[in-house]
Structures are given as structure tokens and as C-alpha cells.
>>> print(open('model.csv').read())   # CSV, C-alpha atoms and all ligand atoms
chain,number,residue,atom,x,y,z
A,1,MET,CA,0.0,0.0,0.0
A,2,LYS,CA,1.3,3.4,-0.9
A,3,ASN,CA,0.7,6.6,1.2
A,4,PRO,CA,-1.5,8.4,1.2
A,5,CYS,CA,-4.1,5.7,0.6
A,6,ILE,CA,-7.7,6.6,0.0
A,7,VAL,CA,-10.2,3.8,0.2
A,8,CYS,CA,-13.5,4.7,-1.5
A,9,ASN,CA,-16.2,2.6,0.2
A,10,TRP,CA,-19.2,3.2,-2.1
A,11,LYS,CA,-21.5,1.3,0.3
A,12,MET,CA,-24.7,0.4,-1.7
A,13,ASN,CA,-24.0,2.9,-4.5
A,14,PRO,CA,-24.4,3.8,-7.3
A,15,ALA,CA,-27.7,2.6,-8.7
A,16,SER,CA,-26.5,1.1,-12.0
A,17,GLN,CA,-23.5,-0.5,-13.6
A,18,LYS,CA,-23.3,2.4,-16.1
A,19,GLU,CA,-23.0,4.9,-13.2
A,20,ALA,CA,-20.4,2.7,-11.5
A,21,ALA,CA,-18.2,2.7,-14.6
A,22,ALA,CA,-18.5,6.4,-15.0
A,23,LEU,CA,-17.7,7.1,-11.3
A,24,ALA,CA,-14.7,4.8,-11.4
A,25,ARG,CA,-13.5,6.5,-14.5
A,26,GLU,CA,-13.6,10.0,-12.9
A,27,ILE,CA,-11.9,8.7,-9.8
A,28,THR,CA,-9.1,7.1,-11.9
A,29,ARG,CA,-8.7,10.4,-13.7
A,30,ALA,CA,-8.4,12.4,-10.4
A,31,ALA,CA,-5.9,9.9,-9.1
A,32,LYS,CA,-3.7,9.8,-12.2
A,33,SER,CA,-0.7,11.4,-10.6
A,34,LYS,CA,-0.3,8.1,-8.7
A,35,LYS,CA,1.1,10.1,-5.8
A,36,GLY,CA,-0.7,7.8,-3.4
A,37,GLU,CA,-3.0,4.9,-3.9
A,38,VAL,CA,-6.8,5.1,-4.4
A,39,ILE,CA,-8.7,1.9,-3.8
A,40,ILE,CA,-12.3,1.6,-4.9
A,41,ALA,CA,-14.6,-0.7,-2.9
A,42,PRO,CA,-17.8,-1.0,-5.0
A,43,PRO,CA,-20.7,-3.3,-4.3
A,44,ALA,CA,-19.4,-6.8,-5.3
A,45,ILE,CA,-21.8,-6.9,-8.3
A,46,TYR,CA,-19.8,-4.1,-9.9
A,47,LEU,CA,-16.4,-5.5,-9.1
A,48,SER,CA,-15.4,-6.4,-12.7
A,49,THR,CA,-16.9,-3.2,-14.1
A,50,VAL,CA,-14.8,-1.1,-11.8
A,51,LYS,CA,-11.8,-3.3,-12.4
A,52,ASN,CA,-12.0,-2.4,-16.1
A,53,GLU,CA,-11.6,1.3,-15.2
A,54,HIS,CA,-9.3,1.2,-12.1
A,55,THR,CA,-6.3,-0.8,-10.9
A,56,HIS,CA,-6.9,-1.1,-7.2
A,57,VAL,CA,-10.2,-2.6,-6.2
A,58,ALA,CA,-11.5,-4.0,-2.9
A,59,LEU,CA,-14.5,-6.1,-1.8
A,60,GLN,CA,-16.6,-4.5,0.9
A,61,ASP,CA,-16.8,-7.8,2.8
A,62,VAL,CA,-15.8,-11.4,2.4
A,63,SER,CA,-16.9,-14.8,3.6
A,64,GLU,CA,-15.3,-16.2,6.7
A,65,TYR,CA,-15.3,-19.6,4.9
A,66,ALA,CA,-12.9,-20.6,2.1
A,67,LYS,CA,-15.6,-22.6,0.3
A,68,GLY,CA,-18.8,-24.6,0.9
A,69,ALA,CA,-22.6,-24.1,1.0
A,70,HIS,CA,-23.0,-20.4,2.1
A,71,THR,CA,-25.7,-18.9,-0.1
A,72,GLY,CA,-25.0,-15.2,-0.9
A,73,SER,CA,-21.4,-15.2,0.2
A,74,ILE,CA,-18.3,-14.5,-1.8
A,75,SER,CA,-15.0,-16.2,-1.0
A,76,ALA,CA,-11.6,-14.4,-0.8
A,77,SER,CA,-10.2,-16.5,-3.6
A,78,MET,CA,-13.2,-15.5,-5.9
A,79,ALA,CA,-12.5,-11.9,-5.1
A,80,LYS,CA,-8.8,-12.4,-5.9
A,81,ASN,CA,-9.7,-14.1,-9.2
A,82,MET,CA,-11.9,-11.1,-10.2
A,83,GLY,CA,-9.0,-8.8,-9.7
A,84,ALA,CA,-9.4,-7.5,-6.2
A,85,SER,CA,-6.3,-6.9,-4.1
A,86,TYR,CA,-8.0,-5.7,-0.9
A,87,VAL,CA,-11.0,-6.5,1.2
A,88,ILE,CA,-12.7,-4.4,3.9
A,89,VAL,CA,-13.5,-6.5,7.0
A,90,GLY,CA,-15.3,-5.7,10.2
A,91,HIS,CA,-17.0,-2.5,8.9
A,92,SER,CA,-19.3,-1.2,11.7
A,93,GLU,CA,-22.3,-1.4,9.4
A,94,ARG,CA,-21.7,-5.2,9.1
A,95,ARG,CA,-21.0,-5.5,12.8
A,96,ARG,CA,-24.3,-3.8,13.5
A,97,GLU,CA,-26.6,-5.2,10.8
A,98,GLN,CA,-25.1,-8.7,10.4
A,99,HIS,CA,-24.0,-9.0,14.0
A,100,GLU,CA,-20.5,-9.8,13.0
A,101,THR,CA,-18.3,-10.8,15.9
A,102,ASN,CA,-14.5,-10.3,16.4
A,103,GLU,CA,-14.1,-14.0,16.0
A,104,GLN,CA,-15.7,-14.0,12.5
A,105,ILE,CA,-13.6,-10.9,11.6
A,106,ALA,CA,-10.5,-12.8,12.6
A,107,GLN,CA,-11.5,-15.7,10.3
A,108,LYS,CA,-12.1,-13.2,7.5
A,109,ILE,CA,-8.6,-11.8,8.0
A,110,GLU,CA,-7.2,-15.3,7.7
A,111,ARG,CA,-9.2,-16.1,4.5
A,112,ALA,CA,-8.0,-12.8,3.0
A,113,TYR,CA,-4.3,-13.7,3.7
A,114,GLU,CA,-4.7,-17.2,2.3
A,115,ALA,CA,-6.0,-15.7,-1.0
A,116,LYS,CA,-3.3,-13.0,-1.0
A,117,LEU,CA,-5.7,-10.2,-0.4
A,118,THR,CA,-4.8,-7.3,2.0
A,119,PRO,CA,-7.5,-6.9,4.6
A,120,ILE,CA,-8.5,-3.4,5.6
A,121,ILE,CA,-9.7,-4.0,9.2
A,122,CYS,CA,-12.2,-1.5,10.7
A,123,VAL,CA,-12.2,-0.9,14.4
A,124,GLY,CA,-13.8,1.8,16.5
A,125,GLU,CA,-16.0,2.6,19.5
A,126,LEU,CA,-19.7,3.1,19.2
A,127,LYS,CA,-20.1,6.3,21.3
A,128,LYS,CA,-17.9,9.3,21.9
A,129,GLU,CA,-16.7,8.9,25.4
A,130,THR,CA,-13.6,9.6,27.4
A,131,PRO,CA,-10.5,8.4,25.6
A,132,GLU,CA,-9.9,5.8,28.4
A,133,ARG,CA,-13.3,4.2,28.0
A,134,ALA,CA,-13.1,4.3,24.2
A,135,TRP,CA,-9.7,2.7,24.3
A,136,GLY,CA,-11.1,-0.1,26.3
A,137,LYS,CA,-13.6,-1.0,23.5
A,138,ILE,CA,-11.0,-0.7,20.8
A,139,LYS,CA,-8.4,-2.7,22.7
A,140,LYS,CA,-10.9,-5.6,23.1
A,141,GLN,CA,-11.5,-5.6,19.3
A,142,LEU,CA,-7.7,-5.6,18.7
A,143,ASP,CA,-7.0,-8.3,21.2
A,144,GLU,CA,-9.4,-10.6,19.5
A,145,ILE,CA,-8.0,-10.1,16.0
A,146,ILE,CA,-4.3,-9.7,16.7
A,147,PRO,CA,-3.5,-13.5,16.5
A,148,SER,CA,-4.9,-13.5,13.0
A,149,LEU,CA,-3.5,-10.1,12.0
A,150,LYS,CA,0.0,-11.3,12.9
A,151,LYS,CA,-0.2,-14.0,10.2
A,152,GLY,CA,0.2,-11.4,7.3
A,153,LYS,CA,0.2,-7.8,6.5
A,154,GLY,CA,-3.1,-6.0,7.1
A,155,VAL,CA,-4.2,-2.3,7.2
A,156,ILE,CA,-6.2,-0.9,10.1
A,157,ALA,CA,-9.0,1.7,9.6
A,158,TYR,CA,-9.9,3.5,12.8
A,159,GLU,CA,-13.5,4.4,12.3
A,160,PRO,CA,-15.3,5.9,15.4
A,161,VAL,CA,-18.8,4.7,14.8
A,162,TRP,CA,-20.3,8.0,16.1
A,163,ALA,CA,-18.5,9.8,13.3
A,164,ILE,CA,-19.7,7.6,10.4
A,165,GLY,CA,-22.5,8.8,8.2
A,166,GLY,CA,-20.9,11.4,5.9
A,167,ASP,CA,-22.1,14.5,7.7
A,168,LYS,CA,-21.3,13.8,11.4
A,169,LYS,CA,-19.3,16.0,13.6
A,170,THR,CA,-15.7,14.9,13.6
A,171,ASP,CA,-12.8,15.4,16.0
A,172,SER,CA,-9.4,15.2,14.3
A,173,ALA,CA,-7.3,15.7,17.4
A,174,TYR,CA,-9.1,12.9,19.3
A,175,ALA,CA,-8.9,10.6,16.2
A,176,GLN,CA,-5.2,11.2,15.9
A,177,ALA,CA,-4.6,10.4,19.6
A,178,MET,CA,-6.6,7.2,19.2
A,179,MET,CA,-4.7,6.2,16.1
A,180,TYR,CA,-1.4,6.7,17.8
A,181,ARG,CA,-2.5,4.4,20.6
A,182,ILE,CA,-3.7,1.7,18.2
A,183,LYS,CA,-0.4,1.8,16.2
A,184,LEU,CA,1.7,1.6,19.3
A,185,TYR,CA,-0.4,-1.2,20.8
A,186,ILE,CA,-0.1,-3.3,17.6
A,187,ARG,CA,3.6,-2.7,17.4
A,188,MET,CA,4.0,-3.9,21.0
A,189,GLN,CA,1.6,-6.8,20.9
A,190,ALA,CA,2.2,-8.1,17.4
A,191,GLN,CA,5.6,-6.7,16.5
A,192,LEU,CA,4.0,-5.2,13.4
A,193,ILE,CA,4.1,-1.8,11.9
A,194,THR,CA,0.6,-1.5,10.5
A,195,PRO,CA,-0.6,1.3,8.2
A,196,ILE,CA,-3.5,3.1,9.8
A,197,LEU,CA,-6.3,5.0,8.0
A,198,TYR,CA,-9.0,7.3,9.4
A,199,GLY,CA,-12.6,6.9,8.5
A,200,GLY,CA,-15.7,8.8,9.6
A,201,SER,CA,-17.4,11.6,7.6
A,202,VAL,CA,-14.3,12.7,5.8
A,203,ASN,CA,-15.3,15.3,3.2
A,204,CYS,CA,-14.0,18.4,1.4
A,205,LYS,CA,-15.1,20.6,4.3
A,206,ASN,CA,-13.3,18.9,7.1
A,207,ILE,CA,-10.3,17.3,5.3
A,208,GLU,CA,-7.9,20.1,6.3
A,209,ASP,CA,-8.5,19.3,10.0
A,210,PHE,CA,-7.2,15.8,9.4
A,211,LEU,CA,-4.3,16.9,7.1
A,212,GLU,CA,-2.8,18.7,10.1
A,213,TYR,CA,-2.0,15.3,11.4
A,214,LYS,CA,-0.9,13.8,8.1
A,215,ASP,CA,2.4,12.5,9.6
A,216,SER,CA,0.5,10.0,11.7
A,217,ILE,CA,-2.3,9.2,9.3
A,218,ASP,CA,-1.5,6.8,6.4
A,219,GLY,CA,-4.7,7.6,4.5
A,220,PHE,CA,-8.5,7.7,4.7
A,221,LEU,CA,-11.5,5.5,4.3
A,222,VAL,CA,-14.1,7.6,2.7
A,223,GLY,CA,-17.7,6.4,2.6
A,224,SER,CA,-20.6,8.7,1.6
A,225,ALA,CA,-18.4,11.3,0.0
A,226,SER,CA,-16.7,8.7,-2.2
A,227,ALA,CA,-19.9,8.0,-4.2
A,228,GLN,CA,-20.3,11.7,-5.2
A,229,LYS,CA,-18.2,12.5,-8.2
A,230,LYS,CA,-17.4,16.1,-7.5
A,231,GLU,CA,-16.8,15.5,-3.8
A,232,ILE,CA,-14.4,12.6,-4.2
A,233,THR,CA,-12.4,13.9,-7.1
A,234,THR,CA,-11.8,17.2,-5.2
A,235,LEU,CA,-11.0,15.3,-2.0
A,236,ILE,CA,-8.4,13.1,-3.8
A,237,LYS,CA,-6.7,16.2,-5.2
A,238,LYS,CA,-6.7,17.9,-1.8
A,239,ILE,CA,-5.2,14.9,-0.1
A,240,TYR,CA,-2.6,14.2,-2.8
A,241,GLY,CA,-1.7,17.9,-2.9
A,242,SER,CA,-0.8,17.9,0.8
A,243,TYR,CA,1.3,14.8,1.2
A,301,LIG,C1,-17.4,4.3,6.0
A,301,LIG,O1,-18.3,3.8,5.2
A,301,LIG,O2,-16.5,3.5,6.4
A,301,LIG,C2,-17.4,5.7,6.3
A,301,LIG,C3,-16.4,6.2,6.9
A,301,LIG,O3,-18.5,6.4,5.9
A,301,LIG,P1,-18.7,7.9,5.9
A,301,LIG,O4,-17.5,8.5,5.2
A,301,LIG,O5,-20.0,8.1,5.2
A,301,LIG,O6,-18.8,8.4,7.3
>>> encode(input="model.csv", output="C-alpha cells")
Amino acid sequence: MKNPCIVCNWKMNPASQKEAAALAREITRAAKSKKGEVIIAPPAIYLSTVKNEHTHVALQDVSEYAKGAHTGSISASMAKNMGASYVIVGHSERRREQHETNEQIAQKIERAYEAKLTPIICVGELKKETPERAWGKIKKQLDEIIPSLKKGKGVIAYEPVWAIGGDKKTDSAYAQAMMYRIKLYIRMQAQLITPILYGGSVNCKNIEDFLEYKDSIDGFLVGSASAQKKEITTLIKKIYGSY
């Protein structure tokens, strides 16, 4: 992964294959200086469409199983064969809606490594609370995935759940302090230097606040803003311009 890394999590957007191709084309154009790395994570159904337009693609989720009878699931090796090089795991929307556990997330990390995919692993506390209490929640998530994380090279995305949604109030100083703690903890527990991304309502209005801390942020996971052509292309240029 090259810094700064910008992961575009399109969530359940756009509405058609044609729009997916057009949006990917615009993102590719904005990222053409290759100063960093832009990864597009479209809905799985558009993976090959996006791959035709853009080099770095990710799946938004992957099965915890390598194969078998799991209707509706996609295995890591299928994603690899379709041209993906990354996969997002443990996104808070999946933890909440699909009740994904840290144990399942650990399995997904291992399936990703086996298929030679890089997992982008999301961690973050639900509510904004004191840094000590928030750290307790994040540490539990990390402790349960570190044995799997250690088996390869993953990327962590710190995503405070209270800041996710595209238009939520963010706190860049708080985020930077938490990311520093996460990085240090992983280095001590797993002897790994893991790249760390920030995610949670990153947009053109607040990006400057985060860029103040660019020395300790390896990139961004952008959700809502990444599915809006003007917003994401401007954001990429701003981020590339500052690193
Ligand atoms: C996300 O989907 O991981 C995310 C950070 O979303 P948003 O940018 O919309 O807050």
C-alpha cells in the first residue's frame, strides 16, 4: 500500500452498472498522478466493471469460509480471481446489521491472507466517550484479532462509529490520539508496523483538519463522499496535494 491511501467505500451505491463505470473513470482520472493509492470498494456486483476502469479494487466484505454451502457469500479467492487486491473487514455497518463478531472478523482476515488479499480491518468505538473508555472498547476488538492479524500484512482503519455517516461531527485531534495508541499497541503486541487509515465523515469541508496530522495518518477510508463525483475527485486532489 502506498501513502496516502484513499479507500472509496461506495457502500450500496451507485444505482446502476453504467454509473459505477462512470464514477470509477472519474476517480481514476483524479488519481492519475499516482502520488498515493486510491482503492475503490464497490458493491461486489460491480467489481469487474470497476476493475476495467481502475487498478486497485476491494471487496466491501468477504466470507469467513474458504468454500462450501454459504448462499449469498463471496470467498476471498473468488474476489482475488476477479482482480481485487484488498478487502474491507469488520465494517461497523456489518458488525451492526449482520451482528459480525470479532471471532468472525479474525476468520475473514485469515481467509484474505490465504487468498493473497490485503484486509483493511475496521475498528472503532460506538459512542464518543472519554479516551480511556473508548480505548477499552478498541483494545478488546484488537486483542481478539491480533493473533490473525499477525499472520500477514493488514491495514487498520480507525472508524469511530459515532462519526460515520458522511455529515457527522468529527474530532481530528481525538482521532489522531486514538490512532497513535492503536499503532503503538499493535507494534507492542504483534511486533508489526501496520498502516492506519482514518474513516468517519471525511469530506471536502473537514479534510484540512485531518491533514494537520498527516504525519501520523497513512490515509483515509471515505464512505458517503466517495460516491459523489465532485466531492471525491476534489478530495483526492486535496489529499494528494498535501502529502
Ligand atoms: C465508511 O463507510 O466507512 C465511512 C467512513 O462512511 P462515511 O464517510 O460516510 O462516514
>>> residues_around(input="model.csv", residues="Ser48 of chain A", least_positions_apart="5", cutoff="10 Å", atoms="all atoms listed in the file", output="ChimeraX atom specification")
/A:21,42,53-54,57,79,82-84
>>> closest_residue(input="model.csv", among="A:Val123, A:Ile164, A:Cys204, A:Ile182", to="ligand LIG 301 (chain A)", atoms="all atoms listed in the file")
A:Ile164
>>> residues_near_ligand(input="model.csv", ligand="ligand LIG 301 (chain A)", cutoff="7 Å", atoms="all atoms listed in the file", output="ChimeraX atom specification")
/A:9,11,91,159,163-167,199-202,221-225
>>> residues_around(input="model.csv", residues="Tyr213 of chain A", least_positions_apart="6", cutoff="12 Å", atoms="only C-alpha atoms", output="number ranges by chain")
A: 171-177, 179-180, 197-198, 207, 219, 239, 242-243
>>> write_last_selection(input="model.csv", atoms="C-alpha atoms", output="mmCIF file, in the frame of the given file")
data_model
loop_
_atom_site.group_PDB
_atom_site.id
_atom_site.type_symbol
_atom_site.label_atom_id
_atom_site.label_comp_id
_atom_site.auth_asym_id
_atom_site.auth_seq_id
_atom_site.Cartn_x
_atom_site.Cartn_y
_atom_site.Cartn_z
ATOM 1 C CA ASP A 171 -12.800 15.400 16.000
ATOM 2 C CA SER A 172 -9.400 15.200 14.300
ATOM 3 C CA ALA A 173 -7.300 15.700 17.400
ATOM 4 C CA TYR A 174 -9.100 12.900 19.300
ATOM 5 C CA ALA A 175 -8.900 10.600 16.200
ATOM 6 C CA GLN A 176 -5.200 11.200 15.900
ATOM 7 C CA ALA A 177 -4.600 10.400 19.600
ATOM 8 C CA MET A 179 -4.700 6.200 16.100
ATOM 9 C CA TYR A 180 -1.400 6.700 17.800
ATOM 10 C CA LEU A 197 -6.300 5.000 8.000
ATOM 11 C CA TYR A 198 -9.000 7.300 9.400
ATOM 12 C CA ILE A 207 -10.300 17.300 5.300
ATOM 13 C CA GLY A 219 -4.700 7.600 4.500
ATOM 14 C CA ILE A 239 -5.200 14.900 -0.100
ATOM 15 C CA SER A 242 -0.800 17.900 0.800
ATOM 16 C CA TYR A 243 1.300 14.800 1.200
#
>>> atom_distance(input="model.csv", atom1="atom CA of Ile88 of chain A", atom2="atom CA of Ala157 of chain A")
9.1 Å
>>> residues_near_point(input="model.csv", point="(-15.1, -1.8, 17.4)", cutoff="6 Å", atoms="all atoms listed in the file", output="list in words")
Val123, Gly124, Glu125, Ile138 and Gln141 of chain A
>>> residues_around(input="model.csv", residues="Ala22 of chain A", least_positions_apart="3", cutoff="10 Å", atoms="all atoms listed in the file", output="list in words")
Gln17, Lys18, Glu19, Arg25, Glu26, Ile27, Thr28, Thr49, Val50, Glu53 and Lys229 of chain A
>>> write_last_selection(input="model.csv", atoms="C-alpha atoms", output="short mmCIF file (atom, residue, chain, number, x, y, z; two decimals), keeping the file's coordinate frame")
data_model
loop_
_atom_site.label_atom_id
_atom_site.label_comp_id
_atom_site.auth_asym_id
_atom_site.auth_seq_id
_atom_site.Cartn_x
_atom_site.Cartn_y
_atom_site.Cartn_z
CA GLN A 17 -23.50 -0.50 -13.60
CA LYS A 18 -23.30 2.40 -16.10
CA GLU A 19 -23.00 4.90 -13.20
CA ARG A 25 -13.50 6.50 -14.50
CA GLU A 26 -13.60 10.00 -12.90
CA ILE A 27 -11.90 8.70 -9.80
CA THR A 28 -9.10 7.10 -11.90
CA THR A 49 -16.90 -3.20 -14.10
CA VAL A 50 -14.80 -1.10 -11.80
CA GLU A 53 -11.60 1.30 -15.20
CA LYS A 229 -18.20 12.50 -8.20
#
>>> atom_distance(input="model.csv", atom1="atom CA of Lys128 of chain A", atom2="atom CA of Ser92 of chain A")
14.7 Å
>>> atom_distance(input="model.csv", atom1="atom CA of Pro119 of chain A", atom2="atom CA of Gln189 of chain A")
18.7 Å
>>> closest_residue(input="model.csv", among="A:Ser16, A:Thr71, A:Asn203, A:Thr194", to="Glu231 of chain A", atoms="only C-alpha atoms")
A:Asn203
>>> residues_around(input="model.csv", residues="segment 186-188 of chain A", least_positions_apart="4", cutoff="10 Å", atoms="all atoms listed in the file", output="mmCIF file with C-alpha atoms, in the frame of the given file")
data_model
loop_
_atom_site.group_PDB
_atom_site.id
_atom_site.type_symbol
_atom_site.label_atom_id
_atom_site.label_comp_id
_atom_site.auth_asym_id
_atom_site.auth_seq_id
_atom_site.Cartn_x
_atom_site.Cartn_y
_atom_site.Cartn_z
ATOM 1 C CA LYS A 139 -8.400 -2.700 22.700
ATOM 2 C CA LEU A 142 -7.700 -5.600 18.700
ATOM 3 C CA ASP A 143 -7.000 -8.300 21.200
ATOM 4 C CA ILE A 146 -4.300 -9.700 16.700
ATOM 5 C CA LEU A 149 -3.500 -10.100 12.000
ATOM 6 C CA LYS A 150 0.000 -11.300 12.900
ATOM 7 C CA ILE A 156 -6.200 -0.900 10.100
ATOM 8 C CA ARG A 181 -2.500 4.400 20.600
ATOM 9 C CA ILE A 182 -3.700 1.700 18.200
ATOM 10 C CA LEU A 192 4.000 -5.200 13.400
ATOM 11 C CA ILE A 193 4.100 -1.800 11.900
ATOM 12 C CA THR A 194 0.600 -1.500 10.500
#
>>> closest_residue(input="model.csv", among="A:Ala31, A:Ser73, A:Gln104, A:Trp10", to="Tyr240 of chain A", atoms="all atoms listed in the file")
A:Ala31
>>> residues_around(input="model.csv", residues="Asp218 of chain A", least_positions_apart="3", cutoff="9 Å", atoms="all atoms listed in the file", output="list of chain:residue names")
A:Lys2, A:Asn3, A:Pro4, A:Cys5, A:Ile6, A:Pro195, A:Ile196, A:Leu197, A:Tyr198, A:Lys214, A:Asp215
>>> closest_residue(input="model.csv", among="A:Ala58, A:Val161, A:Ala227, A:Val38", to="Glu129 of chain A", atoms="only C-alpha atoms")
A:Val161
>>> closest_residue(input="model.csv", among="A:Gln228, A:Met178, A:Ser77, A:Ile105", to="Lys137 of chain A", atoms="only C-alpha atoms")
A:Met178
>>> decode(input="model.csv", residues="segment 176-198 of chain A", atoms="N, CA and C atoms", output="PDB file, in the first residue's frame")
ATOM      1  N   GLN A 176      -6.608  11.400  16.025  1.00  0.00           N
ATOM      2  CA  GLN A 176      -5.159  11.221  15.884  1.00  0.00           C
ATOM      3  C   GLN A 176      -4.578  10.562  17.141  1.00  0.00           C
ATOM      4  N   ALA A 177      -5.079  10.985  18.314  1.00  0.00           N
ATOM      5  CA  ALA A 177      -4.578  10.411  19.569  1.00  0.00           C
ATOM      6  C   ALA A 177      -4.924   8.917  19.641  1.00  0.00           C
ATOM      7  N   MET A 178      -6.121   8.572  19.193  1.00  0.00           N
ATOM      8  CA  MET A 178      -6.555   7.170  19.240  1.00  0.00           C
ATOM      9  C   MET A 178      -5.744   6.320  18.243  1.00  0.00           C
ATOM     10  N   MET A 179      -5.473   6.901  17.086  1.00  0.00           N
ATOM     11  CA  MET A 179      -4.714   6.163  16.073  1.00  0.00           C
ATOM     12  C   MET A 179      -3.282   5.909  16.528  1.00  0.00           C
ATOM     13  N   TYR A 180      -2.721   6.891  17.229  1.00  0.00           N
ATOM     14  CA  TYR A 180      -1.370   6.741  17.755  1.00  0.00           C
ATOM     15  C   TYR A 180      -1.329   5.556  18.731  1.00  0.00           C
ATOM     16  N   ARG A 181      -2.371   5.506  19.564  1.00  0.00           N
ATOM     17  CA  ARG A 181      -2.465   4.439  20.569  1.00  0.00           C
ATOM     18  C   ARG A 181      -2.608   3.063  19.910  1.00  0.00           C
ATOM     19  N   ILE A 182      -3.438   3.012  18.874  1.00  0.00           N
ATOM     20  CA  ILE A 182      -3.674   1.745  18.161  1.00  0.00           C
ATOM     21  C   ILE A 182      -2.365   1.258  17.540  1.00  0.00           C
ATOM     22  N   LYS A 183      -1.671   2.176  16.886  1.00  0.00           N
ATOM     23  CA  LYS A 183      -0.439   1.803  16.183  1.00  0.00           C
ATOM     24  C   LYS A 183       0.605   1.261  17.170  1.00  0.00           C
ATOM     25  N   LEU A 184       0.726   1.983  18.285  1.00  0.00           N
ATOM     26  CA  LEU A 184       1.700   1.585  19.308  1.00  0.00           C
ATOM     27  C   LEU A 184       1.345   0.213  19.895  1.00  0.00           C
ATOM     28  N   TYR A 185       0.061   0.022  20.157  1.00  0.00           N
ATOM     29  CA  TYR A 185      -0.391  -1.235  20.759  1.00  0.00           C
ATOM     30  C   TYR A 185      -0.092  -2.413  19.826  1.00  0.00           C
ATOM     31  N   ILE A 186      -0.382  -2.226  18.546  1.00  0.00           N
ATOM     32  CA  ILE A 186      -0.135  -3.321  17.592  1.00  0.00           C
ATOM     33  C   ILE A 186       1.366  -3.579  17.481  1.00  0.00           C
ATOM     34  N   ARG A 187       2.132  -2.500  17.519  1.00  0.00           N
ATOM     35  CA  ARG A 187       3.588  -2.702  17.430  1.00  0.00           C
ATOM     36  C   ARG A 187       4.087  -3.507  18.636  1.00  0.00           C
ATOM     37  N   MET A 188       3.536  -3.191  19.819  1.00  0.00           N
ATOM     38  CA  MET A 188       3.997  -3.893  21.023  1.00  0.00           C
ATOM     39  C   MET A 188       3.482  -5.332  21.090  1.00  0.00           C
ATOM     40  N   GLN A 189       2.219  -5.515  20.738  1.00  0.00           N
ATOM     41  CA  GLN A 189       1.605  -6.840  20.884  1.00  0.00           C
ATOM     42  C   GLN A 189       1.936  -7.801  19.749  1.00  0.00           C
ATOM     43  N   ALA A 190       2.086  -7.235  18.537  1.00  0.00           N
ATOM     44  CA  ALA A 190       2.232  -8.120  17.373  1.00  0.00           C
ATOM     45  C   ALA A 190       3.563  -7.918  16.658  1.00  0.00           C
ATOM     46  N   GLN A 191       4.367  -7.000  17.162  1.00  0.00           N
ATOM     47  CA  GLN A 191       5.640  -6.660  16.506  1.00  0.00           C
ATOM     48  C   GLN A 191       5.405  -6.322  15.033  1.00  0.00           C
ATOM     49  N   LEU A 192       4.365  -5.560  14.776  1.00  0.00           N
ATOM     50  CA  LEU A 192       4.011  -5.202  13.395  1.00  0.00           C
ATOM     51  C   LEU A 192       3.886  -3.692  13.271  1.00  0.00           C
ATOM     52  N   ILE A 193       4.372  -3.162  12.161  1.00  0.00           N
ATOM     53  CA  ILE A 193       4.111  -1.755  11.876  1.00  0.00           C
ATOM     54  C   ILE A 193       2.980  -1.752  10.856  1.00  0.00           C
ATOM     55  N   THR A 194       1.790  -1.431  11.321  1.00  0.00           N
ATOM     56  CA  THR A 194       0.594  -1.539  10.466  1.00  0.00           C
ATOM     57  C   THR A 194       0.163  -0.159   9.996  1.00  0.00           C
ATOM     58  N   PRO A 195      -0.044   0.000   8.691  1.00  0.00           N
ATOM     59  CA  PRO A 195      -0.586   1.291   8.231  1.00  0.00           C
ATOM     60  C   PRO A 195      -1.952   1.527   8.868  1.00  0.00           C
ATOM     61  N   ILE A 196      -2.262   2.796   9.125  1.00  0.00           N
ATOM     62  CA  ILE A 196      -3.532   3.101   9.756  1.00  0.00           C
ATOM     63  C   ILE A 196      -4.240   4.238   9.018  1.00  0.00           C
ATOM     64  N   LEU A 197      -5.514   3.985   8.719  1.00  0.00           N
ATOM     65  CA  LEU A 197      -6.335   4.954   7.996  1.00  0.00           C
ATOM     66  C   LEU A 197      -7.365   5.522   8.956  1.00  0.00           C
ATOM     67  N   TYR A 198      -7.848   6.733   8.643  1.00  0.00           N
ATOM     68  CA  TYR A 198      -8.967   7.278   9.406  1.00  0.00           C
ATOM     69  C   TYR A 198     -10.218   7.244   8.547  1.00  0.00           C
TER      70      TYR A 198
END
